[in-house]
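Heads up, upload07.cif below (mmCIF, C-alpha atoms):
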```
data_coords
loop_
_atom_site.label_atom_id
_atom_site.label_comp_id
_atom_site.auth_asym_id
_atom_site.auth_seq_id
_atom_site.Cartn_x
_atom_site.Cartn_y
_atom_site.Cartn_z
CA MET Q 1 0.00 0.00 0.00
CA GLU Q 2 1.53 3.32 -1.06
CA THR Q 3 2.03 5.99 1.59
CA LEU Q 4 0.08 9.24 1.34
CA ALA Q 5 3.35 11.21 1.44
CA ASN Q 6 4.59 9.49 -1.73
CA LEU Q 7 1.33 10.14 -3.56
CA GLU Q 8 1.16 13.79 -2.42
CA SER Q 9 4.76 14.38 -3.49
CA PHE Q 10 4.02 12.90 -6.92
CA ILE Q 11 0.82 14.91 -7.50
CA ARG Q 12 2.30 18.25 -6.37
CA SER Q 13 5.45 17.68 -8.43
CA ALA Q 14 3.31 16.91 -11.46
CA GLU Q 15 1.16 20.02 -10.89
CA HIS Q 16 4.12 22.40 -10.59
CA GLY Q 17 6.75 20.65 -12.72
CA SER Q 18 9.29 20.97 -9.95
CA PHE Q 19 10.37 19.06 -6.87
CA SER Q 20 11.40 22.36 -5.26
CA GLU Q 21 7.99 23.98 -5.74
CA ALA Q 22 6.22 20.82 -4.60
CA ALA Q 23 8.42 20.83 -1.50
CA ARG Q 24 7.46 24.44 -0.73
CA ARG Q 25 3.77 23.61 -1.03
CA LEU Q 26 4.11 20.54 1.19
CA SER Q 27 6.45 22.15 3.74
CA LEU Q 28 9.13 19.54 2.97
CA THR Q 29 12.66 19.71 1.58
CA PRO Q 30 13.20 19.13 -2.18
CA ALA Q 31 15.32 16.11 -1.27
CA ALA Q 32 12.42 14.62 0.69
CA VAL Q 33 10.00 15.11 -2.19
CA SER Q 34 12.46 13.62 -4.69
CA ARG Q 35 13.00 10.68 -2.36
CA ASN Q 36 9.24 10.10 -1.99
CA VAL Q 37 8.75 10.13 -5.76
CA ALA Q 38 11.69 7.78 -6.30
CA MET Q 39 10.23 5.37 -3.76
CA LEU Q 40 6.86 5.51 -5.53
CA GLU Q 41 8.54 4.77 -8.87
CA ARG Q 42 10.44 1.88 -7.34
CA ASN Q 43 7.33 0.40 -5.76
CA LEU Q 44 5.30 0.75 -8.97
CA GLY Q 45 8.14 -0.45 -11.18
CA VAL Q 46 7.76 2.42 -13.68
CA ARG Q 47 9.37 5.80 -14.29
CA LEU Q 48 6.86 8.59 -13.67
CA PHE Q 49 8.98 11.62 -14.60
CA HIS Q 50 11.51 12.65 -17.21
CA ARG Q 51 14.19 14.51 -15.23
CA SER Q 52 16.60 17.12 -16.54
CA THR Q 53 18.53 20.02 -15.03
CA ARG Q 54 15.94 22.42 -16.41
CA LYS Q 55 12.56 20.81 -15.95
CA LEU Q 56 10.49 17.93 -14.72
CA SER Q 57 7.91 16.37 -17.03
CA LEU Q 58 5.62 13.37 -16.82
CA THR Q 59 6.24 10.20 -18.74
CA GLU Q 60 3.31 8.53 -20.48
CA ALA Q 61 2.97 6.18 -17.52
CA GLY Q 62 3.21 9.14 -15.13
CA GLU Q 63 0.40 10.99 -16.88
CA THR Q 64 -1.80 7.90 -16.84
CA PHE Q 65 -1.16 7.42 -13.13
CA ARG Q 66 -1.80 11.10 -12.38
CA LEU Q 67 -5.17 11.01 -14.11
CA ALA Q 68 -6.08 7.88 -12.21
CA ILE Q 69 -5.42 9.21 -8.71
CA ALA Q 70 -5.69 13.02 -8.89
CA ASP Q 71 -9.44 13.21 -8.22
CA ASN Q 72 -9.24 10.68 -5.41
CA LEU Q 73 -6.31 12.15 -3.49
CA GLU Q 74 -8.30 14.85 -1.68
CA GLY Q 75 -10.83 12.30 -0.48
CA LEU Q 76 -8.04 10.06 0.75
CA GLN Q 77 -6.42 12.98 2.58
CA ALA Q 78 -9.71 13.88 4.25
CA ALA Q 79 -10.37 10.28 5.24
CA ILE Q 80 -6.93 9.94 6.83
CA ALA Q 81 -7.34 13.30 8.59
CA GLY Q 82 -10.68 12.15 9.95
CA LEU Q 83 -9.13 8.95 11.29
CA ALA Q 84 -6.46 11.04 13.02
CA THR Q 85 -9.06 11.79 15.68
CA LEU Q 86 -8.43 9.17 18.33
CA GLY Q 87 -11.11 9.07 21.00
CA GLY Q 88 -12.78 12.11 19.44
CA GLU Q 89 -9.65 14.26 19.85
CA PRO Q 90 -8.60 16.41 16.83
CA ALA Q 91 -4.96 15.95 15.87
CA GLY Q 92 -2.36 16.81 13.23
CA THR Q 93 -0.71 19.88 11.71
CA LEU Q 94 -3.07 22.85 11.27
CA LYS Q 95 -1.74 25.10 8.49
CA VAL Q 96 -3.42 28.53 8.50
CA SER Q 97 -2.69 31.77 6.63
CA MET Q 98 -3.49 35.22 8.05
CA ALA Q 99 -2.36 38.84 7.76
CA PRO Q 100 0.56 39.67 10.11
CA THR Q 101 -0.97 42.55 12.09
CA PHE Q 102 -4.45 41.07 12.32
CA GLY Q 103 -3.09 37.63 13.15
CA THR Q 104 -0.68 38.66 15.89
CA MET Q 105 -3.12 41.13 17.45
CA HIS Q 106 -6.38 39.18 17.39
CA LEU Q 107 -5.73 35.50 16.61
CA LEU Q 108 -2.46 34.67 18.34
CA PRO Q 109 -4.00 35.48 21.76
CA LEU Q 110 -6.58 32.74 21.06
CA LEU Q 111 -3.90 30.08 20.63
CA PRO Q 112 -3.20 29.17 24.30
CA GLY Q 113 -6.84 28.37 24.98
CA PHE Q 114 -7.18 26.48 21.71
CA LEU Q 115 -4.14 24.31 22.43
CA ALA Q 116 -5.28 23.70 26.00
CA ARG Q 117 -8.46 22.18 24.59
CA HIS Q 118 -6.79 20.43 21.61
CA PRO Q 119 -3.23 19.51 22.67
CA ARG Q 120 -2.72 17.04 19.80
CA ILE Q 121 -3.05 19.77 17.15
CA ARG Q 122 0.24 21.30 15.97
CA PRO Q 123 -0.27 24.87 14.66
CA GLU Q 124 1.61 26.00 11.57
CA TRP Q 125 0.47 29.58 11.17
CA HIS Q 126 1.75 31.68 8.28
CA PHE Q 127 1.60 35.47 8.76
CA GLU Q 128 1.56 36.94 5.25
CA ASN Q 129 -0.03 39.77 3.28
CA ARG Q 130 -1.31 37.75 0.35
CA ARG Q 131 -4.28 35.64 -0.66
CA VAL Q 132 -3.11 32.05 -0.67
CA ASP Q 133 -4.47 29.15 -2.71
CA LEU Q 134 -5.75 26.82 -0.01
CA VAL Q 135 -5.87 23.72 -2.18
CA THR Q 136 -2.62 23.87 -4.13
CA GLU Q 137 -0.61 25.29 -1.21
CA GLY Q 138 -1.94 22.81 1.31
CA TYR Q 139 -3.59 25.21 3.76
CA ASP Q 140 -6.32 23.98 6.10
CA ALA Q 141 -7.76 27.48 6.49
CA ALA Q 142 -7.10 31.17 5.85
CA ILE Q 143 -8.41 34.32 7.48
CA GLY Q 144 -8.67 37.54 5.53
CA ALA Q 145 -10.78 39.52 3.09
CA GLY Q 146 -11.42 39.42 -0.62
CA PHE Q 147 -10.50 35.82 -1.41
CA ASP Q 148 -11.89 34.48 -4.68
CA LEU Q 149 -14.58 31.93 -3.88
CA SER Q 150 -13.47 29.18 -6.22
CA PRO Q 151 -15.50 25.94 -6.35
CA GLY Q 152 -15.12 23.97 -3.15
CA LEU Q 153 -14.15 26.96 -0.99
CA ILE Q 154 -16.32 28.08 1.94
CA ALA Q 155 -16.26 31.59 3.42
CA HIS Q 156 -17.51 31.95 6.99
CA THR Q 157 -17.96 35.66 7.79
CA LEU Q 158 -16.38 36.79 11.06
CA ALA Q 159 -16.56 40.60 10.98
CA PRO Q 160 -16.86 43.55 8.60
CA ALA Q 161 -13.70 44.72 6.81
CA HIS Q 162 -13.99 48.47 7.26
CA VAL Q 163 -11.27 51.00 6.46
CA ILE Q 164 -10.96 54.36 8.22
CA ALA Q 165 -8.71 57.42 8.06
CA VAL Q 166 -6.25 57.92 10.94
CA ALA Q 167 -3.37 60.22 11.86
CA ALA Q 168 -1.15 60.95 14.85
CA PRO Q 169 -2.16 63.82 17.17
CA ALA Q 170 1.24 65.43 16.51
CA TYR Q 171 0.56 65.53 12.77
CA MET Q 172 -2.91 67.03 13.24
CA ALA Q 173 -1.70 69.69 15.70
CA GLY Q 174 -2.56 73.07 14.18
CA ARG Q 175 -4.54 71.44 11.36
CA ALA Q 176 -8.31 71.36 11.00
CA LEU Q 177 -9.83 67.95 11.70
CA PRO Q 178 -11.78 66.93 8.57
CA ALA Q 179 -15.43 66.11 9.27
CA ASP Q 180 -15.94 64.29 5.98
CA PRO Q 181 -13.76 62.67 3.24
CA THR Q 182 -13.40 65.88 1.22
CA GLY Q 183 -11.23 67.37 3.95
CA LEU Q 184 -8.59 64.67 3.45
CA GLN Q 185 -7.44 66.37 0.25
CA ALA Q 186 -5.64 69.08 2.22
CA LEU Q 187 -3.50 66.56 4.14
CA GLN Q 188 -0.48 64.41 3.34
CA GLY Q 189 -1.41 60.82 2.59
CA ILE Q 190 0.32 57.53 3.37
CA VAL Q 191 -0.99 55.36 0.56
CA MET Q 192 -0.56 51.66 -0.10
CA ARG Q 193 0.30 50.12 -3.44
CA SER Q 194 -1.64 46.88 -3.88
CA LEU Q 195 0.47 43.74 -3.80
CA ARG Q 196 -1.94 42.09 -6.26
CA THR Q 197 -2.50 44.78 -8.88
CA GLY Q 198 0.44 47.16 -8.41
CA ARG Q 199 -2.02 50.07 -8.26
CA LEU Q 200 -2.43 52.65 -5.53
CA GLN Q 201 -5.37 51.84 -3.28
CA ARG Q 202 -8.17 54.37 -3.52
CA TRP Q 203 -11.29 54.32 -1.37
CA THR Q 204 -14.86 55.54 -1.49
CA MET Q 205 -16.21 56.27 1.98
CA ARG Q 206 -19.77 56.08 3.26
CA ASN Q 207 -21.68 57.03 6.39
CA ALA Q 208 -24.57 55.57 8.36
CA ALA Q 209 -27.09 57.44 6.22
CA GLY Q 210 -25.79 55.71 3.10
CA ALA Q 211 -24.13 58.76 1.52
CA GLU Q 212 -20.92 58.01 -0.42
CA ARG Q 213 -17.96 60.24 -1.24
CA PRO Q 214 -14.47 59.52 -2.61
CA ALA Q 215 -11.54 59.92 -0.22
CA PRO Q 216 -9.15 62.21 -2.19
CA LEU Q 217 -6.07 61.49 -0.07
CA PRO Q 218 -2.85 62.68 -1.79
CA ALA Q 219 -0.15 60.04 -2.30
CA SER Q 220 2.61 61.81 -0.38
CA ILE Q 221 4.19 58.55 0.83
CA ILE Q 222 3.70 55.15 -0.82
CA VAL Q 223 4.29 51.79 0.89
CA ASN Q 224 3.28 48.20 0.11
CA ASP Q 225 2.57 46.88 3.60
CA PRO Q 226 -0.43 47.65 5.86
CA ASP Q 227 1.62 47.64 9.06
CA ALA Q 228 4.08 50.09 7.51
CA MET Q 229 1.16 52.44 6.86
CA GLN Q 230 0.21 52.42 10.52
CA GLN Q 231 3.80 52.86 11.67
CA ALA Q 232 4.25 55.81 9.30
CA ALA Q 233 1.07 57.38 10.66
CA LEU Q 234 2.32 56.88 14.23
CA LEU Q 235 5.52 58.69 13.25
CA GLY Q 236 3.43 61.71 12.27
CA LEU Q 237 4.12 61.42 8.55
CA GLY Q 238 0.53 61.90 7.43
CA VAL Q 239 -2.89 60.27 7.12
CA ALA Q 240 -3.37 56.55 6.47
CA MET Q 241 -6.44 54.61 5.37
CA VAL Q 242 -6.25 51.41 7.43
CA ALA Q 243 -8.47 48.52 8.48
CA VAL Q 244 -10.22 49.02 11.81
CA PRO Q 245 -8.89 45.77 13.40
CA ASP Q 246 -5.31 46.93 12.84
CA VAL Q 247 -5.75 50.19 14.78
CA VAL Q 248 -8.30 49.48 17.53
CA GLU Q 249 -5.60 49.55 20.21
CA THR Q 250 -3.77 52.65 18.95
CA LEU Q 251 -7.10 54.49 18.68
CA LYS Q 252 -8.03 53.43 22.21
CA SER Q 253 -4.68 54.61 23.60
CA GLY Q 254 -4.93 57.93 21.77
CA ARG Q 255 -1.74 57.37 19.78
CA LEU Q 256 -3.84 57.77 16.62
CA LEU Q 257 -6.89 59.91 15.92
CA ARG Q 258 -9.75 58.94 13.68
CA LEU Q 259 -10.49 61.54 11.00
CA ALA Q 260 -13.92 61.99 9.42
CA PRO Q 261 -15.24 59.80 12.27
CA ASP Q 262 -18.68 59.22 10.78
CA TRP Q 263 -17.23 57.83 7.56
CA TYR Q 264 -15.64 54.50 6.57
CA ALA Q 265 -14.83 52.52 3.43
CA ASP Q 266 -16.36 49.08 3.06
CA ALA Q 267 -13.79 46.47 1.97
CA GLY Q 268 -16.19 43.53 2.30
CA ALA Q 269 -15.84 41.09 5.17
CA ILE Q 270 -13.15 39.41 7.22
CA SER Q 271 -13.86 35.73 6.66
CA LEU Q 272 -12.58 32.33 7.67
CA TYR Q 273 -11.94 30.32 4.50
CA TYR Q 274 -11.64 26.54 4.28
CA THR Q 275 -12.23 23.89 1.67
CA SER Q 276 -15.57 22.16 1.35
CA ARG Q 277 -14.71 18.51 1.79
CA THR Q 278 -17.13 15.66 2.24
CA LEU Q 279 -15.26 14.87 5.44
CA LEU Q 280 -13.83 18.03 7.01
CA PRO Q 281 -10.77 17.13 9.12
CA ALA Q 282 -11.51 17.29 12.83
CA LYS Q 283 -8.61 19.70 13.39
CA THR Q 284 -10.09 22.17 10.88
CA ARG Q 285 -13.59 21.89 12.31
CA ALA Q 286 -12.20 22.49 15.82
CA PHE Q 287 -10.37 25.60 14.60
CA VAL Q 288 -13.41 26.99 12.77
CA ASP Q 289 -15.61 26.49 15.83
CA TRP Q 290 -13.03 27.98 18.22
CA VAL Q 291 -12.44 31.16 16.19
CA THR Q 292 -16.15 31.66 15.52
CA GLU Q 293 -16.99 31.36 19.21
CA ALA Q 294 -14.16 33.71 20.22
CA PHE Q 295 -15.34 36.40 17.80
CA ARG Q 296 -18.87 36.07 19.17
CA GLU Q 297 -17.84 36.16 22.86
CA GLN Q 298 -15.49 39.11 22.41
CA ARG Q 299 -17.96 40.95 20.14
CA LEU Q 300 -15.18 41.57 17.66
CA ALA Q 301 -17.55 42.14 14.75
CA GLU Q 302 -19.01 45.11 16.64
CA ARG Q 303 -15.57 46.41 17.60
CA PHE Q 304 -14.38 46.22 14.01
CA SER Q 305 -17.37 48.09 12.60
CA GLY Q 306 -16.53 51.42 11.05
CA LEU Q 307 -19.57 52.83 12.80
CA SER Q 308 -18.42 51.99 16.32
CA ALA Q 309 -14.62 52.33 16.22
CA SER Q 310 -13.60 55.77 17.26
#
```
Go ahead and render the structure in this file as structure tokens.
Amino acid sequence: METLANLESFIRSAEHGSFSEAARRLSLTPAAVSRNVAMLERNLGVRLFHRSTRKLSLTEAGETFRLAIADNLEGLQAAIAGLATLGGEPAGTLKVSMAPTFGTMHLLPLLPGFLARHPRIRPEWHFENRRVDLVTEGYDAAIGAGFDLSPGLIAHTLAPAHVIAVAAPAYMAGRALPADPTGLQALQGIVMRSLRTGRLQRWTMRNAAGAERPAPLPASIIVNDPDAMQQAALLGLGVAMVAVPDVVETLKSGRLLRLAPDWYADAGAISLYYTSRTLLPAKTRAFVDWVTEAFREQRLAERFSGLSAS
């Protein structure tokens, strides 16, 4: 009976045409992936890949084998993950992607309680400012906003993703506090360039009455990281448009001021994403339930609302 590791190494190598890329997706070393594939070839008695210094390509037998097992591998993975629950206890590596600031500020504090309840789960949390591909990159879940809902992906809404304008008190000293988005035009802006599109992020703000106005913030300083925007604002370099969850503590402490306090930009929702499998691994279900309950108990959705954060 072939091991799951050998089959996973083969499928990922076939998908990406590289042992190195397959290794990155599987959190293994290239040598380990190559060794797993070689063992599979030896056990099957056929060569699955043509190898060269430049590329990796499937042999005819390799392509036939890939087509035969590709659609069944996910079900096999889910079945094995489900059986990893001995005595009803979730177990295994839990690979999750989340934004650095949001993750360290709001999710990392949940980890001690989660591990106390589920000690056989081993967290592998990736803090990154990008939208990962859960299936091809082997993630159990991701938390963020704006993921493409491809077939088989579930989005469980946790809180609104609202963006507000903030600045340090030192920067606003001697300047008029804008009451609405139009007043932002007279201030220096700390603007983010999107990692996905390469374009400067521009926002349209709204208020509780439903009125909408563009936020004409000048691009005086440009960065490509949300945390850098907040740090630049704290240094008194200008006004930043940032997500409410990233600045709730600095607003509460008074280190940042909210400008145009009745206005916010709607960036959708902060959601918990996971794949829709017939048999969801117990570790993933435990994580989904734990995070959902924590958001409800701590009323984080209310705290993150652009209408209540001030």
(request) Pick out the closest residue to Arg122 of chain Q from this set: Q:Ala31, Q:Leu56, Q:Asn43, Q:Thr284. Count all atoms listed in the file. (result) Q:Thr284
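Between atom CA of Ala282 of chain Q and atom CA of Thr136 of chain Q the separation is 20.2 Å.
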(request) Name the residues in contact with Arg255 of chain Q at a cut-off of 7 Å, using only C-alpha atoms, excluding same-chain residues fewer than 6 positions from it; report them as a PyMOL selection string. (result) chain Q and resi 168-169+234
(message) Take the PyMOL selection byres ((chain Q and resi 32) around 12), run it mentally on this structure, and tell me the resulting residues as a list in words.
(response)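 Checked against the file, the PyMOL selection byres ((chain Q and resi 32) around 12) matches Ala5, Asn6, Glu8, Ser9, Phe10, Ser13, Phe19, Ser20, Ala22, Ala23, Arg24, Leu26, Ser27, Leu28, Thr29, Pro30, Ala31, Val33, Ser34, Arg35, Asn36, Val37, Ala38 and Met39 of chain Q.
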(message) Could you tell me how far atom CA of Ser194 of chain Q sits from atom CA of Asn224 of chain Q, in Å to one decimal place?
(response) 6.5 Å
